[in-house]
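Dropping model_0.cif in here (mmCIF, C-alpha atoms):
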```cif
data_final
loop_
_atom_site.label_atom_id
_atom_site.label_comp_id
_atom_site.auth_asym_id
_atom_site.auth_seq_id
_atom_site.Cartn_x
_atom_site.Cartn_y
_atom_site.Cartn_z
CA MET A 501 9.25 -59.86 101.42
CA ASN A 502 8.02 -57.09 103.73
CA ASN A 503 11.08 -55.95 105.67
CA ASN A 504 8.85 -54.59 108.44
CA LYS A 505 7.80 -58.10 109.42
CA LEU A 506 9.69 -61.17 110.52
CA PHE A 507 10.31 -64.22 108.32
CA ARG A 508 8.43 -67.17 109.74
CA ARG A 509 11.15 -69.82 109.38
CA ASP A 510 13.69 -67.61 111.15
CA VAL A 511 11.18 -67.05 113.95
CA VAL A 512 10.44 -70.74 114.38
CA LYS A 513 14.14 -71.61 114.29
CA LYS A 514 14.83 -69.13 117.10
CA LEU A 515 11.93 -70.46 119.17
CA MET A 516 12.81 -74.11 118.70
CA ALA A 517 16.36 -73.43 119.83
CA VAL A 518 14.97 -73.01 123.37
CA ARG A 519 12.20 -75.62 123.14
CA SER A 520 14.09 -78.24 125.15
CA ASN A 521 11.70 -81.13 125.85
CA ALA A 522 8.43 -79.26 125.35
CA LEU A 523 5.66 -81.12 123.55
CA CYS A 524 4.46 -79.18 120.51
CA ILE A 525 1.06 -79.05 118.82
CA SER A 526 1.04 -77.40 115.39
CA GLY A 527 -2.00 -75.89 113.72
CA LEU A 528 -2.97 -76.94 110.23
CA GLY A 529 -1.08 -75.61 107.26
CA SER A 530 2.02 -73.46 107.35
CA PRO A 531 2.79 -73.80 111.10
CA THR A 532 3.00 -77.56 110.54
CA TRP A 533 5.38 -77.08 107.60
CA ASP A 534 7.48 -74.73 109.76
CA LEU A 535 7.68 -77.14 112.69
CA ALA A 536 8.49 -80.11 110.45
CA ALA A 537 11.19 -78.13 108.64
CA ILE A 538 12.88 -76.81 111.77
CA ASP A 539 12.34 -79.38 114.53
CA HIS A 540 10.70 -82.61 113.38
CA ARG A 541 10.53 -85.12 116.22
CA PRO A 542 8.13 -87.66 117.77
CA GLU A 543 7.09 -85.09 120.39
CA ASN A 544 5.29 -83.08 117.68
CA PHE A 545 1.56 -83.51 117.13
CA TYR A 546 0.70 -82.21 113.67
CA ILE A 547 -2.91 -81.18 113.17
CA TRP A 548 -3.94 -81.79 109.56
CA GLY A 549 -7.56 -80.71 109.88
CA GLY A 550 -9.98 -79.47 112.49
CA MET A 551 -9.39 -75.75 112.01
CA GLY A 552 -9.53 -74.05 115.40
CA GLY A 553 -8.48 -77.16 117.27
CA ALA A 554 -4.82 -76.45 118.02
CA ALA A 555 -5.24 -74.37 121.19
CA PRO A 556 -7.94 -76.61 122.73
CA THR A 557 -5.80 -79.66 121.94
CA GLY A 558 -2.85 -77.97 123.64
CA LEU A 559 -5.00 -77.18 126.67
CA GLY A 560 -6.18 -80.77 126.97
CA LEU A 561 -2.60 -82.00 126.73
CA ALA A 562 -1.41 -79.44 129.30
CA LEU A 563 -4.04 -80.62 131.77
CA ALA A 564 -3.31 -84.30 131.10
CA GLN A 565 0.48 -83.81 131.35
CA PRO A 566 0.96 -81.14 134.05
CA ASP A 567 4.66 -81.98 134.45
CA ARG A 568 5.41 -81.33 130.75
CA THR A 569 5.67 -78.00 128.97
CA ILE A 570 3.25 -77.66 126.05
CA TRP A 571 3.69 -75.28 123.13
CA VAL A 572 1.01 -74.65 120.53
CA LEU A 573 2.33 -73.22 117.26
CA THR A 574 -0.51 -72.02 115.08
CA GLY A 575 -1.64 -69.36 112.63
CA ASP A 576 -3.90 -66.35 112.97
CA GLY A 577 -6.73 -67.77 110.84
CA GLU A 578 -6.70 -71.04 112.75
CA GLN A 579 -6.66 -69.24 116.10
CA LEU A 580 -9.48 -66.92 115.06
CA MET A 581 -11.57 -70.03 114.41
CA GLY A 582 -10.80 -71.26 117.95
CA VAL A 583 -10.74 -67.92 119.75
CA GLY A 584 -13.25 -69.13 122.34
CA SER A 585 -10.56 -71.43 123.70
CA PHE A 586 -8.91 -68.36 125.26
CA SER A 587 -11.73 -68.24 127.83
CA THR A 588 -11.31 -71.90 128.78
CA ILE A 589 -7.54 -71.53 129.02
CA ALA A 590 -8.03 -68.49 131.26
CA LEU A 591 -10.38 -70.43 133.53
CA GLN A 592 -7.97 -73.37 133.79
CA GLN A 593 -4.79 -71.25 134.10
CA PRO A 594 -2.40 -74.04 133.03
CA LYS A 595 1.10 -73.15 134.18
CA ASN A 596 2.66 -75.23 131.41
CA LEU A 597 0.97 -73.91 128.25
CA ALA A 598 2.15 -71.43 125.64
CA ILE A 599 0.07 -70.48 122.60
CA ILE A 600 2.29 -69.01 119.87
CA VAL A 601 0.42 -67.49 116.92
CA LEU A 602 2.28 -66.87 113.66
CA ASP A 603 0.22 -63.97 112.30
CA ASN A 604 0.72 -63.13 108.62
CA GLU A 605 -2.67 -61.40 108.55
CA HIS A 606 -3.91 -63.75 105.82
CA TYR A 607 -5.79 -67.02 105.42
CA GLY A 608 -2.88 -68.90 103.92
CA GLU A 609 -4.62 -72.23 103.35
CA THR A 610 -7.57 -70.91 101.37
CA GLY A 611 -6.01 -68.45 98.92
CA MET A 612 -4.27 -65.75 100.98
CA GLN A 613 -7.38 -63.69 101.60
CA ALA A 614 -6.82 -60.79 103.98
CA ALA A 615 -7.63 -61.78 107.57
CA PRO A 616 -9.12 -59.58 110.31
CA THR A 617 -5.80 -59.47 112.19
CA GLY A 618 -4.51 -57.11 109.51
CA ARG A 619 -7.54 -54.87 109.82
CA GLY A 620 -7.82 -54.17 113.54
CA THR A 621 -8.47 -57.53 115.25
CA ASP A 622 -5.93 -57.99 118.06
CA LEU A 623 -5.58 -61.62 119.14
CA ALA A 624 -3.33 -60.77 122.08
CA ALA A 625 -5.89 -58.27 123.35
CA MET A 626 -8.64 -60.87 122.93
CA ALA A 627 -6.62 -63.34 125.01
CA ALA A 628 -6.03 -60.70 127.67
CA GLY A 629 -9.72 -59.83 127.67
CA ALA A 630 -10.53 -63.50 128.23
CA GLY A 631 -8.39 -63.45 131.36
CA ILE A 632 -4.99 -64.69 130.24
CA GLY A 633 -2.57 -62.49 132.14
CA ASN A 634 0.57 -63.03 130.08
CA THR A 635 0.08 -61.88 126.48
CA MET A 636 2.32 -60.13 124.00
CA THR A 637 2.59 -59.07 120.38
CA VAL A 638 5.97 -59.47 118.71
CA ARG A 639 6.84 -57.21 115.77
CA ASN A 640 10.65 -57.16 115.63
CA ASP A 641 13.78 -59.04 116.66
CA GLU A 642 14.06 -57.29 120.02
CA GLU A 643 10.53 -58.30 120.96
CA LEU A 644 11.24 -61.82 119.70
CA ASP A 645 14.16 -61.97 122.12
CA GLU A 646 11.76 -60.94 124.90
CA LEU A 647 9.44 -63.78 123.93
CA VAL A 648 12.32 -66.25 123.98
CA ALA A 649 13.14 -65.12 127.53
CA VAL A 650 9.50 -65.57 128.61
CA LEU A 651 9.43 -69.06 127.12
CA GLU A 652 12.68 -70.00 128.86
CA LYS A 653 11.33 -68.75 132.20
CA GLY A 654 8.08 -70.63 131.72
CA GLN A 655 5.83 -67.66 132.42
CA PHE A 656 2.60 -69.45 131.50
CA PRO A 657 -0.14 -69.52 130.47
CA LEU A 658 1.08 -67.36 127.62
CA VAL A 659 -0.40 -66.13 124.36
CA ALA A 660 2.18 -64.60 122.02
CA VAL A 661 1.20 -63.21 118.62
CA ILE A 662 4.13 -62.84 116.22
CA LYS A 663 3.65 -60.59 113.20
CA ILE A 664 5.29 -62.32 110.24
CA ASP A 665 5.68 -61.73 106.53
CA VAL A 666 3.50 -63.64 104.07
CA ALA A 667 6.60 -65.27 102.55
CA THR A 668 6.93 -68.97 103.34
CA GLY A 669 9.78 -71.41 103.26
CA GLU A 670 9.93 -74.73 101.44
CA THR A 671 6.92 -76.91 102.16
CA ILE A 672 8.10 -79.78 104.35
CA MET A 673 5.47 -82.49 104.73
CA PRO A 674 5.50 -84.52 107.94
CA PRO A 675 3.55 -87.79 107.94
CA ARG A 676 -0.11 -87.29 106.99
CA ASP A 677 -1.41 -90.57 108.41
CA GLY A 678 -3.44 -89.45 111.44
CA LYS A 679 -3.21 -92.80 113.22
CA PHE A 680 0.56 -92.89 112.75
CA VAL A 681 0.98 -89.32 114.04
CA LYS A 682 -1.22 -90.08 117.05
CA ASN A 683 0.56 -93.32 117.92
CA THR A 684 4.04 -91.83 117.43
CA PHE A 685 3.17 -88.87 119.65
CA ARG A 686 1.48 -91.06 122.27
CA SER A 687 4.53 -93.30 122.43
CA ALA A 688 6.83 -90.29 122.81
CA VAL A 689 4.72 -88.90 125.66
CA LEU A 690 3.82 -92.07 127.56
CA GLY A 691 6.54 -94.48 126.55
CA PRO A 692 6.08 -97.39 124.11
CA ASP A 693 4.77 -99.92 126.66
CA LYS A 694 2.02 -97.71 128.07
CA ALA A 695 1.14 -96.37 124.64
CA LEU A 696 0.53 -99.90 123.34
CA HIS A 697 -1.16 -101.19 126.49
CA PRO A 698 -3.05 -98.26 128.09
CA ASN A 699 -4.82 -100.47 130.63
#
```
Step by step, read the file and then write its structure as structure tokens.
Amino acid sequence: MNNNKLFRRDVVKKLMAVRSNALCISGLGSPTWDLAAIDHRPENFYIWGGMGGAAPTGLGLALAQPDRTIWVLTGDGEQLMGVGSFSTIALQQPKNLAIIVLDNEHYGETGMQAAPTGRGTDLAAMAAGAGIGNTMTVRNDEELDELVAVLEKGQFPLVAVIKIDVATGETIMPPRDGKFVKNTFRSAVLGPDKALHPN
């Protein structure tokens, strides 16, 4: 383990301690294992495929549910694939959306190849350049505490990039049935009656 970087499970545990009733979208791979291990609940929408889709999904949910707080928990490779979503988020300026990127500077799902975020690409700067006013990069516990405070205050839209070690925790598999995940999440958001009878 690289002692200069944070351990992802400890980071997610600290974040989820202040999640309250936020709805959470997790990007494919390790962020999904992290969320399932630390805070599995019906209000989680686990993305099993569609690389690059976590932030746009979070934006759509934020616009559809303006009275709910939406957190997107994703990885650097997944967010690089969907980096154009920063521009759309900036245009929409949702006051209920946080994009949290767990950046281990590697493509964890395809063999741990080195990713551009470890060689000069700055996702927080890209988000700021797109027009998102509240961005930050977290590299240590003190900066993680600052992020927690921002999340608690709801200073959104937010893009926070957290530099983490490549070490992972135990793989915790949430349900992989897409229809089940969708229906469980829909019921948690809308209530069982409306989820079953949308019209």
Next on the checklist: Applying 12 Å and all atoms listed in the file, which residues near Ala536 of chain A remain after dropping the ones on its own chain fewer than 2 positions away? List them as a ChimeraX atom specification.
Outcome noted: /A:509,512-513,516,524-534,538-547,573,669-676
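Residues with any atom within 12 Å of Phe507 of chain A, counting all atoms listed in the file and excluding same-chain neighbours fewer than 2 positions away, are Met501, Asn502, Asn503, Asn504, Lys505, Arg509, Asp510, Val511, Val512, Lys513, Lys514, Asp534, Leu602, Asp603, Asn604, Arg639, Asn640, Asp641, Leu644, Ile662, Lys663, Ile664, Asp665, Val666, Ala667, Thr668 and Gly669 of chain A.
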Item to check | Distance criterion (only C-alpha atoms): nearest to Thr637 of chain A out of A:Leu580, A:Ala590, A:Ala624, A:Ala562 | outcome: A:Ala624
Item to check | Atomic distance atom CA of Val659 of chain A - atom CA of Ile632 of chain A, expressed in Å with one decimal | outcome: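 Those two atoms sit 7.6 Å apart.
Remark: for Leu561 of chain A, the closest of the candidate residues A:Val518, A:Met636, A:Ala598, A:Ala625 is A:Ala598 (distances computed over all atoms listed in the file).
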Put a box with edges along x, y and z around all the listed atoms of segment 570-581 of chain A, pad it by 3 Å on each side, then give me its centre and sizes in Å, one decimal, as lines of an AutoDock Vina configuration file.
```
center_x = -3.9
center_y = -72.0
center_z = 118.4
size_x = 21.3
size_y = 17.3
size_z = 21.2
```
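If you measure from each of A:Leu515, A:Leu591, A:Leu523, A:Leu535 to Thr569 of chain A using all atoms listed in the file, the closest one turns out to be A:Leu523.
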Next on the checklist: I'd like the interatomic distance between atom CA of Val572 of chain A and atom CA of Gln592 of chain A, to a tenth of an Å.
Outcome noted: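 Atom CA of Gln592 of chain A lies 16.1 Å from atom CA of Val572 of chain A.
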Item to check | Result set, the PyMOL selection byres ((chain A and resi 634) around 8) on current file, as a PyMOL selection string | outcome: chain A and resi 628+632-633+635-636+655-659
